[in-house]
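Asks: Below is the file work.txt, with compact mmCIF, C-alpha atoms.
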```
# COMPACT_ATOMS: atom_id res chain seq x y z
CA GLU A 1 0.00 0.00 0.00
CA ILE A 2 2.86 2.38 0.83
CA LEU A 3 4.59 1.67 -2.50
CA LYS A 4 1.31 2.06 -4.37
CA ASN A 5 0.82 5.58 -3.01
CA GLY A 6 4.49 6.59 -2.93
CA LEU A 7 7.12 7.72 -5.39
CA PHE A 8 9.13 4.49 -5.39
CA LYS A 9 8.68 1.07 -6.93
CA ASN A 10 10.02 -2.37 -6.16
CA ILE A 11 12.46 -3.58 -8.83
CA ASN A 12 14.11 -6.92 -8.07
CA ASN A 13 13.50 -6.46 -4.33
CA LYS A 14 15.10 -3.02 -4.39
CA LEU A 15 13.38 0.34 -3.95
CA GLU A 16 13.85 2.49 -7.05
CA LEU A 17 12.53 5.96 -7.74
CA ASP A 18 9.39 5.79 -9.89
CA TYR A 19 10.00 8.58 -12.42
CA ASP A 20 6.46 8.46 -13.76
CA ALA A 21 5.00 8.82 -10.26
CA VAL A 22 7.31 11.77 -9.51
CA VAL A 23 6.31 13.57 -12.72
CA SER A 24 2.61 12.85 -12.16
CA PHE A 25 2.79 14.15 -8.58
CA TYR A 26 4.80 17.33 -9.27
CA LYS A 27 3.34 18.24 -12.68
CA PRO A 28 0.56 20.46 -11.24
CA TYR A 29 3.10 22.48 -9.25
CA CYS A 30 4.94 23.34 -12.48
CA LYS A 31 1.88 24.52 -14.38
CA ASP A 32 2.56 28.23 -13.75
CA ILE A 33 6.14 27.94 -15.01
CA ALA A 34 4.92 26.21 -18.17
CA ALA A 35 2.22 28.86 -18.69
CA TYR A 36 4.80 31.64 -18.29
CA LEU A 37 7.12 30.04 -20.86
CA ILE A 38 4.24 29.60 -23.32
CA GLU A 39 3.19 33.23 -22.81
CA LEU A 40 6.77 34.33 -23.47
CA LEU A 41 6.71 32.44 -26.77
CA ASN A 42 3.30 33.93 -27.62
CA THR A 43 4.51 37.51 -27.06
CA LYS A 44 7.17 36.87 -29.72
CA ASP A 45 4.65 35.02 -31.95
CA ILE A 46 6.85 31.90 -32.01
CA ASP A 47 4.75 29.43 -30.01
CA ASN A 48 5.04 25.94 -31.49
CA THR A 49 5.98 22.48 -30.24
CA LEU A 50 9.66 22.76 -31.11
CA ASN A 51 10.04 26.12 -29.37
CA ARG A 52 8.16 24.85 -26.32
CA ILE A 53 10.64 21.99 -25.99
CA GLU A 54 13.62 24.30 -26.56
CA ILE A 55 12.53 26.97 -24.05
CA ALA A 56 11.82 24.37 -21.37
CA MET A 57 15.27 22.88 -21.99
CA LYS A 58 16.99 26.28 -21.74
CA PHE A 59 15.08 27.09 -18.53
CA ILE A 60 16.40 23.91 -16.90
CA GLN A 61 19.90 24.14 -18.41
CA ASP A 62 20.36 27.55 -16.77
CA ILE A 63 19.90 26.00 -13.33
CA PRO A 64 23.41 25.15 -12.08
CA TYR A 65 24.52 21.53 -11.82
CA GLY A 66 25.07 20.22 -8.33
CA GLN A 67 24.64 16.89 -6.61
CA PRO A 68 22.31 16.55 -3.63
CA LYS A 69 24.10 16.74 -0.31
CA ARG A 70 24.23 13.45 1.55
CA ASN A 71 22.42 13.35 4.87
CA LYS A 72 22.37 10.11 6.83
CA LYS A 73 19.09 11.10 8.49
CA LYS A 74 17.22 11.66 5.21
CA PHE A 75 17.01 9.25 2.29
CA LYS A 76 17.15 11.23 -0.95
CA ASN A 77 18.09 8.41 -3.35
CA GLY A 78 20.61 10.81 -4.89
CA CYS A 79 17.82 12.88 -6.38
CA LEU A 80 16.17 16.15 -5.40
CA ALA A 81 12.43 16.51 -5.84
CA PRO A 82 11.54 18.83 -8.76
CA LEU A 83 10.49 21.66 -6.44
CA GLU A 84 13.67 21.27 -4.39
CA VAL A 85 15.70 22.04 -7.53
CA LEU A 86 13.90 25.38 -7.77
CA VAL A 87 14.25 26.16 -4.07
CA LYS A 88 17.89 25.09 -3.73
CA GLY A 89 18.87 26.56 -7.10
CA TYR A 90 20.79 23.51 -8.35
CA GLY A 91 20.27 19.90 -9.36
CA ASP A 92 21.98 16.88 -10.86
CA CYS A 93 20.99 15.08 -14.05
CA ASP A 94 18.05 13.11 -12.69
CA SER A 95 16.75 15.98 -10.55
CA LYS A 96 16.86 18.41 -13.48
CA SER A 97 15.44 15.85 -15.95
CA LEU A 98 12.47 15.24 -13.66
CA LEU A 99 11.81 18.98 -13.31
CA PHE A 100 12.08 19.32 -17.10
CA ALA A 101 9.49 16.56 -17.60
CA CYS A 102 7.17 18.14 -15.01
CA ILE A 103 7.26 21.50 -16.79
CA LEU A 104 7.18 20.14 -20.35
CA SER A 105 4.30 17.78 -19.60
CA ASN A 106 2.20 20.93 -19.07
CA MET A 107 3.27 22.21 -22.50
CA ILE A 108 2.97 19.11 -24.71
CA ASP A 109 1.36 15.67 -24.42
CA SER A 110 3.06 13.98 -21.46
CA GLY A 111 2.91 10.67 -23.36
CA ASP A 112 5.48 12.12 -25.75
CA ILE A 113 8.16 12.23 -23.04
CA LEU A 114 10.42 9.28 -22.24
CA PHE A 115 13.42 8.95 -19.97
CA VAL A 116 16.76 7.63 -21.14
CA ILE A 117 18.74 5.81 -18.48
CA GLU A 118 22.48 5.48 -18.82
CA PRO A 119 25.05 4.34 -16.28
CA ASP A 120 25.22 7.20 -13.76
CA HIS A 121 23.04 9.48 -15.91
CA LEU A 122 19.42 10.25 -16.73
CA LEU A 123 18.02 12.44 -19.47
CA ALA A 124 14.75 12.84 -21.34
CA ALA A 125 13.77 12.15 -24.92
CA VAL A 126 10.74 13.72 -26.58
CA TYR A 127 8.68 12.56 -29.55
CA TYR A 128 8.75 15.03 -32.41
CA ASN A 129 6.97 14.21 -35.66
CA GLN A 130 8.70 16.70 -37.95
CA SER A 131 12.12 16.45 -39.53
CA MET A 132 15.05 17.58 -37.44
CA ALA A 133 18.53 18.75 -38.35
CA ARG A 134 20.80 16.10 -39.80
CA GLY A 135 22.77 14.44 -37.03
CA SER A 136 20.08 14.88 -34.38
CA LYS A 137 20.18 11.95 -31.97
CA TYR A 138 16.96 10.02 -31.57
CA PHE A 139 15.60 6.68 -30.44
CA SER A 140 12.80 4.75 -32.05
CA SER A 141 10.06 3.39 -29.84
CA ASN A 142 6.71 2.07 -31.08
CA GLY A 143 7.45 3.50 -34.53
CA LYS A 144 8.06 7.04 -33.23
CA ARG A 145 11.26 9.08 -33.08
CA TYR A 146 12.20 10.41 -29.66
CA TYR A 147 14.93 13.07 -29.71
CA LEU A 148 17.35 13.63 -26.84
CA CYS A 149 16.85 16.46 -24.37
CA GLU A 150 20.07 16.95 -22.41
CA VAL A 151 19.23 19.46 -19.69
CA VAL A 152 22.46 19.43 -17.68
CA GLY A 153 24.81 22.25 -18.54
CA PRO A 154 26.82 24.21 -19.09
CA ALA A 155 26.82 23.40 -22.83
CA ARG A 156 23.13 24.39 -23.36
CA LEU A 157 22.67 21.72 -26.03
CA ASP A 158 19.75 22.06 -28.40
CA PHE A 159 16.89 19.61 -28.73
CA GLY A 160 18.26 16.46 -30.39
CA GLU A 161 21.92 17.26 -29.69
CA GLU A 162 23.92 14.60 -27.93
CA GLY A 163 26.19 15.44 -25.02
CA LYS A 164 28.70 13.03 -23.59
CA ARG A 165 28.20 9.72 -25.34
CA ARG A 166 27.65 6.82 -22.98
CA THR A 167 27.05 3.14 -23.50
CA GLY A 168 24.23 1.07 -22.08
CA ARG A 169 21.35 3.43 -22.83
CA LYS A 170 17.87 2.20 -22.08
CA LEU A 171 14.52 3.86 -22.76
CA LEU A 172 12.02 4.12 -19.93
CA PRO A 173 8.51 5.22 -20.96
```
Kindly present the structure from the file in C-alpha cells form.
Replies:
Amino acid sequence: EILKNGLFKNINNKLELDYDAVVSFYKPYCKDIAAYLIELLNTKDIDNTLNRIEIAMKFIQDIPYGQPKRNKKKFKNGCLAPLEVLVKGYGDCDSKSLLFACILSNMIDSGDILFVIEPDHLLAAVYYNQSMARGSKYFSSNGKRYYLCEVVGPARLDFGEEGKRRTGRKLLP
C-alpha cells in the first residue's frame, strides 16, 4: 500500500525511484512555469511544439549543476524533488530531468516524453513528428522518433543534440 501511493517502486526487491510517479505528482506544481514560458513564446509570436521543448530545456539548463548533499538522516536516493531544484537553485541530471518533464508535460502531451537511463546518468527524450537537423540523436520506440533532451549544462545543447556519449542506454517510458 505504501509503494502504491508513494514515489518508489520495487524492482528486483530493491526500492527504485518511480520517475512516472514523480512527474505525475509534481506536474501540477509546475503549471505556472509552463504557462509563463508559453506566454513568453506567444509575445514573440513563435509558439510551437519545437520552441516549447527548446525553451523548457533552456530554462532547466540555466539551473546550475550540483549533486544533492548526503544526509544520513534523510534518504534522498541521490535525487532532489523537482520543487527542491527550484528552491535550492541547483540539481543533478536526474533531478533536473524530472523537473524538465514536469514543466514540459504541461506544454505538450506527457505521453510524448520518455526517460533515457544510462550508467550514472538520466536524461529525457521527446517525440517530435517533424524532420530535425541532420545528425540529431533520436531513439525509435513504437514507430516514433524520440529526440534527446540533455538538460544538464553548461553546454546548453539544443533539442536532439547529444552530449557526452555513454554506453548502455535504455529507454524508460
Asks: Can you pull out every residue within 10 Å of A:Leu83, counting all atoms listed in the file, but drop anything in the same chain fewer than 5 positions away, and send it as a list in words?
Replies: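 With the cut-off at 10 Å, the set is Tyr26, Tyr29, Cys30, Lys88, Gly89, Ser95, Leu98, Leu99 and Cys102 of chain A.
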Asks: Using all atoms listed in the file, pick whichever of A:Asp120, A:Ile103, A:Gly160, A:Leu148 has the shortest atom-to-atom distance to A:Ser136.
Replies: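 Of all the options, A:Gly160 lies closest to A:Ser136.
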Asks: Can you find the residues with an atom no farther than 8 Å from (23.9, 15.4, -20.3), counting all atoms listed in the file, and report them as an MDAnalysis selection string?
Replies: chainID A and resid 93 121:123 150:153 162:164
Asks: Please provide the set of residues having any atom within 12 Å of A:Ser105, restricted to all atoms listed in the file, with same-chain residues fewer than 4 positions apart removed, written as number ranges by chain.
Replies: A: 20, 23-31, 33-35, 49, 52-53, 56, 97-101, 109-114, 124, 126
Asks: I'd like the contact shell of A:Arg145 - 9 Å cut-off, only C-alpha atoms, skipping same-chain residues fewer than 6 positions apart - returned as an NGL selection string.
Replies: :A and (126-129 or 138-139)
Asks: For each of A:Val22, A:Leu86, A:Met107, A:Leu172, take the minimum atom-to-atom distance to A:Ile60, counting all atoms listed in the file, then give the residue where this is smallest.
Replies: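 Looking at the shortest contact to A:Ile60, the residue is A:Leu86.
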Asks: Considering only C-alpha atoms, state which residue in the set A:Glu84, A:Asp45, A:Asp158, A:Glu1 is at the smallest distance from A:Gln61.
Replies: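 Of A:Glu84, A:Asp45, A:Asp158, A:Glu1, the one nearest A:Gln61 is A:Asp158, counting only C-alpha atoms.
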Asks: Quick one: distance from atom CA of A:Met132 to atom CA of A:Thr43 in Å, one decimal?
Replies: 24.8 Å
Asks: Which residue gives the smallest distance to A:Asp18 among A:Asn5, A:Arg134, A:Leu50, A:Gly143, with only C-alpha atoms counted?
Replies: A:Asn5
